[in-house]
Amino acid sequence: MRKMSALLAVTVTLLCVQRSTGRKAMVLFSSTLEMKETVWEFALNSGFITELAAQQGALVIFAEHRYYGKSLPFGKDSFKIPQIGLLTVEQALADYAVMITELKQQLAATQCPVIVFGGSYGGMLSVYMRLKYPNIVAGALAASAPILSTAGMGDPRQFFRDVTDDFASVTPECRDAVRGAFHQLKELAEHQDYSRIQSEFSLCKPPSSAQDIHQLNGLLRNAFTLMAMLDYPYSTHFIGEHACQPCQAIVYNATGVLTCFDLYSLYLECADPTGCGLGFDSMAWDYQACTEINLCYESNNVTDMFPPMPFTESDRERYCFKRWSVVPQPDWLKIQFWGDALSTASNIIFSNGDLDPWANGGVRKTLSSSLIAINISEGAHHLDLRGSNDADPVSVISARKTEADLIAQWVKMEKIRLEQSL
Ligand SMILES: *[C@@H]1O[C@H](CO)[C@@H](O)[C@H](O)[C@H]1NC(C)=O
Ligand SMILES: *[C@@H]1O[C@H](CO)[C@@H](O)[C@H](O)[C@H]1NC(C)=O
Ligand SMILES: *[C@@H]1O[C@H](CO)[C@@H](O)[C@H](O)[C@H]1NC(C)=O
């Protein structure tokens with residue numbers, strides 16, 4: 001995931017087309033885009049899929065998730081109530097199912113296997129596609145997909161603990177310096193030394209209330225989260241006496257054009273404590289986090305380095321009712337997508353990078369001979385979907401090889417099944 005958003009959402013599907021030789025090749029199809037990232041940008045960052053497609057003679061298709069990017073069913077009114085109500089996981093999956101079926105018809109490729117791919121939320125969607133439409137989808141590669149924690153099955157402390165561990169793994173002093181900086185900020189706020197806070201953090205306006213300090217804490221926590229997730233080449237020299245200033249500058253002032261930081265325009269508090277990003281896509285994500293997708297993650301300054309910022313199910317309910325007039329359904333994802341009975345599914349790869357704070361919200365253990373967990377040491381958020389690069393660690397090279405082999409097997413099996421069903 002890149003940019004200002006928390007969950008990156010991408011799904012790609014692999015169909016196959018009839019080639020002129022009469023042999024069947026494959027087609028790849030991507031369903032969701034990452035928040036803030038256009039489908040095309042995602043396509044450019046998913047080199048692994050195009051490399052695989054080239055090997056298999058496949059066509060790659062990227063499709064956009066409803067309510068993201070340009071796929072707005074009611075134009076600029078899409079984010080109004082009740083129009084937003086058609087934004088659900090089920091509807092998005094149905095879009096893909098209908099689209100794949102229709103495309104296979106149009107391409108005269110009804111006999112071609114389909115494999116879905118995705119990273120982050122897109123990885124979750126890939127899993128769901130395989131579970132819900134095994135008649136259409138032969139297998140799924142779910143990269144960095146936190147399918148357990150978002151179904152409400154995780155530890156609410158896990159996410160920010162793992163962000164903290166990323167920094168501690170650089171050096172423990174690094175983690176301690178960040179904790180110290182938040183402590184300093186707390187003391188300044190307690191003494192209402194607002195002008196000092198303004199100058200320390202280059203804020204456009206001095207904070208003037210507990211709410212402003214809460215917002216500043218959220219904005220700073222988000223900056224560290226993004227650094228951990230994007231695996232910026234951070235190092236200890238960023239973390240000094242003014243621990244938070246450099247990270248804030250890296251994340252929010254990457255373009256170098258800001259003269260000061262505006263507390264309320266750079267970061268929006270929403271139903272995803274890891275950040276919803278900005279713009280229309282952030283609204284779509286906020287709505288999803290208010291309905292089906294559980295992201296009740298807390299920081300507590302004990303298991304993590306951040307100030308205590310709880311976000312309980314009742315906080316979520318209160319916020320979501322006020323913002324969208326909806327009441328979250330915390331159990332629905334778990335109920336409809338098999339929750340802790342995943343071992344009865346088949347043909348899914350769950351890949352996770354060790355450096356990714358989302359990893360432990362997903363499946364880390366192989367569940368059966370066709371439900372394979374892959375660990376990528378030194379891997380960040382769905383690194384394996386990216387194209388081969390000279391700087392790739394051995395772990396990701398070998399992960400891609402395993403993935404390609406498994407997918408080739410599934411495609412072969414599916415071709416046999418499709419031929420027999422003729
Ligand atoms: C943003 O970056 C530019 C270029 O590095 C720098 O001159 C400016 O002071 C930065 N703004 C803030 C608010 O730190
Ligand atoms: C975090 O905990 C430490 C140790 O208990 C405390 O001194 C510090 O003030 C706390 N920081 C925040 C931001 O609450
Ligand atoms: C991946 O790493 C996690 C955490 O270190 C571990 O619990 C899990 O067993 C590993 N899974 C595989 C498939 O190696």
# chains A, B, ... in the order shown; residues from 1 in each chain; ligands from 1
>>> residues_around(residues="stretch 366-372 of chain A", least_positions_apart="2", cutoff="6 Å", atoms="only C-alpha atoms", output="JSON list (two decimals) with N, CA and C atoms, in the first residue's frame")
[["chain", "number", "residue", "atom", "x", "y", "z"],
["A", 343, "SER", "N", -10.32, -23.61, 7.08],
["A", 343, "SER", "CA", -9.59, -24.81, 6.65],
["A", 343, "SER", "C", -10.43, -25.70, 5.74],
["A", 346, "SER", "N", -10.42, -24.09, -0.20],
["A", 346, "SER", "CA", -9.31, -24.65, -0.98],
["A", 346, "SER", "C", -8.74, -23.63, -1.95],
["A", 347, "ASN", "N", -7.56, -23.93, -2.45],
["A", 347, "ASN", "CA", -6.90, -23.12, -3.49],
["A", 347, "ASN", "C", -6.74, -21.64, -3.16],
["A", 348, "ILE", "N", -6.15, -21.37, -2.01],
["A", 348, "ILE", "CA", -5.87, -19.97, -1.66],
["A", 348, "ILE", "C", -4.44, -19.88, -1.13],
["A", 349, "ILE", "N", -3.72, -18.88, -1.61],
["A", 349, "ILE", "CA", -2.40, -18.57, -1.07],
["A", 349, "ILE", "C", -2.53, -17.31, -0.22]]
>>> select_by_dssp(residues="stretch 221-369 of chain A", states="strand (DSSP E or B)", output="VMD selection string")
chain A and resid 261 299 309 348 to 353 368
>>> write_last_selection(atoms="N, CA and C atoms", output="PDB file, in the first residue's frame")
ATOM      1  N   PHE A 261       1.950  22.508   8.850  1.00  0.00           N
ATOM      2  CA  PHE A 261       1.049  21.358   8.859  1.00  0.00           C
ATOM      3  C   PHE A 261      -0.314  21.763   9.411  1.00  0.00           C
ATOM      4  N   SER A 299      -4.354   1.866  20.378  1.00  0.00           N
ATOM      5  CA  SER A 299      -2.997   1.981  20.913  1.00  0.00           C
ATOM      6  C   SER A 299      -3.148   2.280  22.400  1.00  0.00           C
ATOM      7  N   MET A 309      -5.038   5.473  22.795  1.00  0.00           N
ATOM      8  CA  MET A 309      -6.151   5.930  21.964  1.00  0.00           C
ATOM      9  C   MET A 309      -7.047   4.734  21.683  1.00  0.00           C
ATOM     10  N   ILE A 348      -6.152 -21.370  -2.013  1.00  0.00           N
ATOM     11  CA  ILE A 348      -5.871 -19.971  -1.659  1.00  0.00           C
ATOM     12  C   ILE A 348      -4.441 -19.877  -1.128  1.00  0.00           C
ATOM     13  N   ILE A 349      -3.723 -18.875  -1.615  1.00  0.00           N
ATOM     14  CA  ILE A 349      -2.402 -18.571  -1.069  1.00  0.00           C
ATOM     15  C   ILE A 349      -2.528 -17.313  -0.217  1.00  0.00           C
ATOM     16  N   PHE A 350      -2.042 -17.400   1.010  1.00  0.00           N
ATOM     17  CA  PHE A 350      -2.016 -16.237   1.895  1.00  0.00           C
ATOM     18  C   PHE A 350      -0.558 -15.821   2.049  1.00  0.00           C
ATOM     19  N   SER A 351      -0.159 -14.742   1.409  1.00  0.00           N
ATOM     20  CA  SER A 351       1.238 -14.336   1.570  1.00  0.00           C
ATOM     21  C   SER A 351       1.317 -13.099   2.460  1.00  0.00           C
ATOM     22  N   ASN A 352       2.346 -13.050   3.278  1.00  0.00           N
ATOM     23  CA  ASN A 352       2.522 -11.918   4.185  1.00  0.00           C
ATOM     24  C   ASN A 352       3.984 -11.569   4.364  1.00  0.00           C
ATOM     25  N   GLY A 353       4.261 -10.279   4.410  1.00  0.00           N
ATOM     26  CA  GLY A 353       5.619  -9.818   4.685  1.00  0.00           C
ATOM     27  C   GLY A 353       5.790  -9.626   6.180  1.00  0.00           C
ATOM     28  N   SER A 368      -3.997 -26.393   4.861  1.00  0.00           N
ATOM     29  CA  SER A 368      -4.189 -27.671   4.175  1.00  0.00           C
ATOM     30  C   SER A 368      -3.268 -27.679   2.965  1.00  0.00           C
TER      31      SER A 368
END
>>> atom_distance(atom1="atom CA of A:His183", atom2="atom 5 (O, counted along the ligand's line) of ligand 2")
9.1 Å
>>> residues_around(residues="stretch 404-407 of chain A", least_positions_apart="2", cutoff="9 Å", atoms="only C-alpha atoms", output="list in words")
Leu52, Ile115, Gly139, Ala140, Leu141, Asn347, Ile349, Ser370, Ala399, Arg400, Lys401, Thr402, Gln409, Trp410, Val411 and Lys412 of chain A
>>> select_by_dssp(residues="stretch 142-352 of chain A", states="helix (DSSP H, G or I)", output="PyMOL selection string")
chain A and resi 149-151+158-170+172-190+194-200+210-230+236-238+244-252+279-291+313-324+332-336+339-344
>>> residues_around(residues="A:Arg179", least_positions_apart="6", cutoff="10 Å", atoms="only C-alpha atoms", output="VMD selection string")
chain A and resid 164 173 185 243 to 244 301 to 302 304 to 307
>>> residues_around(residues="stretch 216-218 of chain A", least_positions_apart="3", cutoff="10 Å", atoms="only C-alpha atoms", output="number ranges by chain")
A: 182, 185-186, 197, 201, 203, 207, 210-213, 221-223, 262-264, 267-269, 273-275, 306-309
>>> residues_near_ligand(ligand="ligand 1", cutoff="7 Å", atoms="only C-alpha atoms and all ligand atoms", output="list in words")
Ser202, Ala249, Asn253, Thr255, Gly256, Val257, Leu258, Thr259, Cys260 and Phe261 of chain A
>>> closest_residue(among="A:Ser388, A:Thr291, A:Ser377, A:Gln336", to="A:Thr88", atoms="only C-alpha atoms")
A:Thr291
>>> residues_near_ligand(ligand="ligand 3", cutoff="7 Å", atoms="only C-alpha atoms and all ligand atoms", output="count of residues only")
6
>>> residues_around(residues="A:Phe167", least_positions_apart="4", cutoff="10 Å", atoms="only C-alpha atoms", output="list in words")
Asp162, Val163, Thr171, Pro172, Glu173, Cys174, Arg175, Asp176, Val178, Phe224, Met227, Ala228, Tyr234, Ser235, Thr236, Met305 and Leu355 of chain A
>>> closest_residue(among="A:Ala271, A:Leu220, A:Val394, A:Ala94", to="ligand 2", atoms="only C-alpha atoms and all ligand atoms")
A:Leu220
